[in-house]
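Below is one structure, written out as structure tokens, with a few remarks after it.
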Amino acid sequence: MEWILGILILVLGGAAIIVIYLNERISVFETLLGLNPKVTSDQLAEHVAFGPNPFGDLSGENLWKAMSGEEIEDEGIDIGDIDALRPRYELVITRHIEMMLEDGRFDARANERTAVSSLVRIPMLRGSVESFIPFTEASRLYEIGQEIESSPEHAEELAAEVDEIVDDLFTKVKLERKTSVGRALLPTAENYSDHDDFEDIKLPDAPAVDDQLALPPVDGDTDTEKNAG
């Protein structure tokens with residue numbers, strides 16, 4: 001009887017997996033056939049290309065507007081429980097800030113400059129989402145990444161400016177910065193110095209050689225000394 005019960009459990013588990021899979025496929029087919037008006041073809045294409053969106057219908061600038069309390073023009077977008085999504089959104093916007101700084105530093109090392117975009121796709125554990133921050137802040141973060149490579153002696157000032165930008169962005173989307181983002185993402189001034197470290201290093205004087213410990217002269221030198229005497 002126990003083996004029969006085990007087989008029955010396996011069958012039921014497999015059936016549950018099939019039902020979940022078919023339910024997801026049905027939603028896709030409904031969209032393709034135009035039977036599911038809540039899912040647009042653009043959303044379907046995004047799902048296929050980048051995986052599921054953890055924020056549902058919210059993406060890009062609409063996600064930013066929802067988090068900042070601004071009105072979203074598209075009435076068909078289901079906003080859902082914003083407060084429940086905000087902790088996850090903090091990870092998204094923090095990663096967006098980090099990517100802007102990384103892009104600036106990477107381009108600076110290659111002696112290049114690239115166009116800055118307010119939109120960046122952020123990969124997540126399951127799927128991804130398109131993140132938006134205003135162009136002014138995005139552009140400045142990129143410039144800070146450039147400046148930290150060209151003027152590392154200003155690292156502390158640049159890190160403080162990053163924190164100011166983060167505070168401004170977080171305030172708009174009702175988040176609170178708990179640690180220094182700038183110091184976490186940029187090298188601090190402690191890693192640099194304004195002068196060569198080797199300038200202050202003094203080599204010790206060579207020790208005096210004791211005559212009794214001096215090597216004996218070679219035979220040729222001995223003969224020379226005798227002839228000279």
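We name chains A, B, ... following the order of the structure tokens; residues begin at 1 in each chain, and ligands are numbered from 1 as shown.
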
All residues 8 Å or closer to A:Glu130, only C-alpha atoms, same chain fewer than 4 positions away omitted, as a list in words: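 Surrounding residues, per the criterion: Ser59, Gly60, Leu119, Val120, Arg121 and Ile122 of chain A.
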
Excluding A:Ser139 and any residue of its chain fewer than 3 positions from it, enumerate the residues within 9 Å of it, using only C-alpha atoms, and give them as a PyMOL selection string. chain A and resi 100+115-118+134-136+142-144

Between A:Val173, A:Arg113, A:Asp81, A:Ala160, which has the minimum distance to A:Gly69 (counting only C-alpha atoms)?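 Of all the options, A:Val173 lies closest to A:Gly69.
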
Mind checking which residues fall within 8 Å of A:Ile79, counting only C-alpha atoms, ignoring those fewer than 4 positions away in the same chain, and posting them as a list in words?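 The contact residues come out as Asp57, Leu58 and Ala66 of chain A.
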
Pull the strand (DSSP E or B) assignments for stretch 105-183 of chain A out of DSSP run on the backbone, and list those residues as a PyMOL selection string. chain A and resi 119-123+128-132

Keeping N, CA and C atoms for every residue in the selection just given, could you write it to a file as a PDB file, in the first residue's frame?
ATOM      1  N   LEU A 119      17.128  55.394 -19.080  1.00  0.00           N
ATOM      2  CA  LEU A 119      16.561  54.056 -18.961  1.00  0.00           C
ATOM      3  C   LEU A 119      17.652  53.006 -18.992  1.00  0.00           C
ATOM      4  N   VAL A 120      17.586  52.070 -18.053  1.00  0.00           N
ATOM      5  CA  VAL A 120      18.534  50.960 -17.981  1.00  0.00           C
ATOM      6  C   VAL A 120      17.758  49.711 -17.576  1.00  0.00           C
ATOM      7  N   ARG A 121      18.028  48.607 -18.253  1.00  0.00           N
ATOM      8  CA  ARG A 121      17.377  47.356 -17.866  1.00  0.00           C
ATOM      9  C   ARG A 121      18.176  46.710 -16.740  1.00  0.00           C
ATOM     10  N   ILE A 122      17.483  46.401 -15.645  1.00  0.00           N
ATOM     11  CA  ILE A 122      18.114  45.842 -14.463  1.00  0.00           C
ATOM     12  C   ILE A 122      17.744  44.361 -14.350  1.00  0.00           C
ATOM     13  N   PRO A 123      18.704  43.463 -14.476  1.00  0.00           N
ATOM     14  CA  PRO A 123      18.407  42.031 -14.286  1.00  0.00           C
ATOM     15  C   PRO A 123      18.149  41.737 -12.816  1.00  0.00           C
ATOM     16  N   SER A 128      13.509  40.647 -15.207  1.00  0.00           N
ATOM     17  CA  SER A 128      14.201  41.930 -15.207  1.00  0.00           C
ATOM     18  C   SER A 128      13.170  43.044 -15.288  1.00  0.00           C
ATOM     19  N   VAL A 129      13.635  44.272 -15.108  1.00  0.00           N
ATOM     20  CA  VAL A 129      12.746  45.423 -15.213  1.00  0.00           C
ATOM     21  C   VAL A 129      13.545  46.593 -15.767  1.00  0.00           C
ATOM     22  N   GLU A 130      12.869  47.465 -16.491  1.00  0.00           N
ATOM     23  CA  GLU A 130      13.495  48.670 -17.014  1.00  0.00           C
ATOM     24  C   GLU A 130      13.382  49.769 -15.966  1.00  0.00           C
ATOM     25  N   SER A 131      14.528  50.324 -15.565  1.00  0.00           N
ATOM     26  CA  SER A 131      14.555  51.353 -14.528  1.00  0.00           C
ATOM     27  C   SER A 131      14.762  52.724 -15.155  1.00  0.00           C
ATOM     28  N   PHE A 132      14.182  53.725 -14.529  1.00  0.00           N
ATOM     29  CA  PHE A 132      14.276  55.112 -14.998  1.00  0.00           C
ATOM     30  C   PHE A 132      14.713  56.009 -13.855  1.00  0.00           C
TER      31      PHE A 132
END

As an exercise, work out the distance from atom CA of A:Lys174 to atom CA of A:Asp103 in Å and give it to one decimal place.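 Value for the atom CA of A:Lys174-atom CA of A:Asp103 distance: 26.2 Å.
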
Might you pull out every residue within 12 Å of stretch 179-184 of chain A, with only C-alpha atoms counted and same-chain residues fewer than 5 positions away left off, and present them as a list in words?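 The contact residues come out as Ile93, Thr94, Arg95, Ile97, Glu98, Leu101, Leu141, Ile144, Gly145, Ile148, Ala155, Glu156, Glu157, Leu158, Ala159, Ala160, Glu161, Val162, Asp163, Glu164, Ile165, Val166, Asp167, Phe170, Ala189, Glu190 and Asn191 of chain A.
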
What would the file look like if the residues just selected were written as a PDB file, in the first residue's frame with C-alpha atoms?
ATOM      1  CA  ILE A  93      17.331  52.049  -8.293  1.00  0.00           C
ATOM      2  CA  THR A  94      20.522  51.408  -6.297  1.00  0.00           C
ATOM      3  CA  ARG A  95      21.758  49.098  -9.033  1.00  0.00           C
ATOM      4  CA  ILE A  97      22.959  54.315  -9.800  1.00  0.00           C
ATOM      5  CA  GLU A  98      25.823  51.848  -9.585  1.00  0.00           C
ATOM      6  CA  LEU A 101      29.004  55.213 -12.113  1.00  0.00           C
ATOM      7  CA  LEU A 141      26.477  60.150 -12.004  1.00  0.00           C
ATOM      8  CA  ILE A 144      31.344  61.457 -11.469  1.00  0.00           C
ATOM      9  CA  GLY A 145      32.448  58.049 -12.731  1.00  0.00           C
ATOM     10  CA  ILE A 148      36.971  59.606 -10.172  1.00  0.00           C
ATOM     11  CA  ALA A 155      37.345  60.869  -4.255  1.00  0.00           C
ATOM     12  CA  GLU A 156      35.931  62.015  -0.907  1.00  0.00           C
ATOM     13  CA  GLU A 157      34.180  65.041  -2.418  1.00  0.00           C
ATOM     14  CA  LEU A 158      32.772  62.946  -5.274  1.00  0.00           C
ATOM     15  CA  ALA A 159      31.534  60.256  -2.885  1.00  0.00           C
ATOM     16  CA  ALA A 160      29.757  62.933  -0.844  1.00  0.00           C
ATOM     17  CA  GLU A 161      28.147  64.310  -4.010  1.00  0.00           C
ATOM     18  CA  VAL A 162      26.922  60.818  -4.928  1.00  0.00           C
ATOM     19  CA  ASP A 163      25.226  60.584  -1.535  1.00  0.00           C
ATOM     20  CA  GLU A 164      23.543  63.949  -2.143  1.00  0.00           C
ATOM     21  CA  ILE A 165      22.208  62.729  -5.497  1.00  0.00           C
ATOM     22  CA  VAL A 166      21.020  59.469  -3.937  1.00  0.00           C
ATOM     23  CA  ASP A 167      19.268  61.387  -1.156  1.00  0.00           C
ATOM     24  CA  PHE A 170      15.384  58.442  -2.764  1.00  0.00           C
ATOM     25  CA  ALA A 189      40.799  59.175  -0.837  1.00  0.00           C
ATOM     26  CA  GLU A 190      42.616  56.934   1.622  1.00  0.00           C
ATOM     27  CA  ASN A 191      43.693  54.818  -1.353  1.00  0.00           C
TER      28      ASN A 191
END

Point-to-point distance from atom CA of A:Ala138 to atom CA of A:Arg177, Å rounded to tenths: 17.6 Å

Straight-line distance linking atom CA of A:Asn62 with atom CA of A:Asp78, stated in Å to one decimal: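 Between atom CA of A:Asn62 and atom CA of A:Asp78 the gap is 10.8 Å.
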
Which residue is closest to A:Phe106? Choose from A:Leu10, A:Ile4, A:Glu147, A:Pro54 and count only C-alpha atoms.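 Smallest separation from A:Phe106 among the options: A:Glu147.
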
Nearest to A:Leu185 by atom-to-atom distance, counting only C-alpha atoms, from A:Leu63, A:Met99, A:Met124, A:Ile9: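 Going through A:Leu63, A:Met99, A:Met124, A:Ile9 one by one, the smallest distance to A:Leu185 is for A:Met99.
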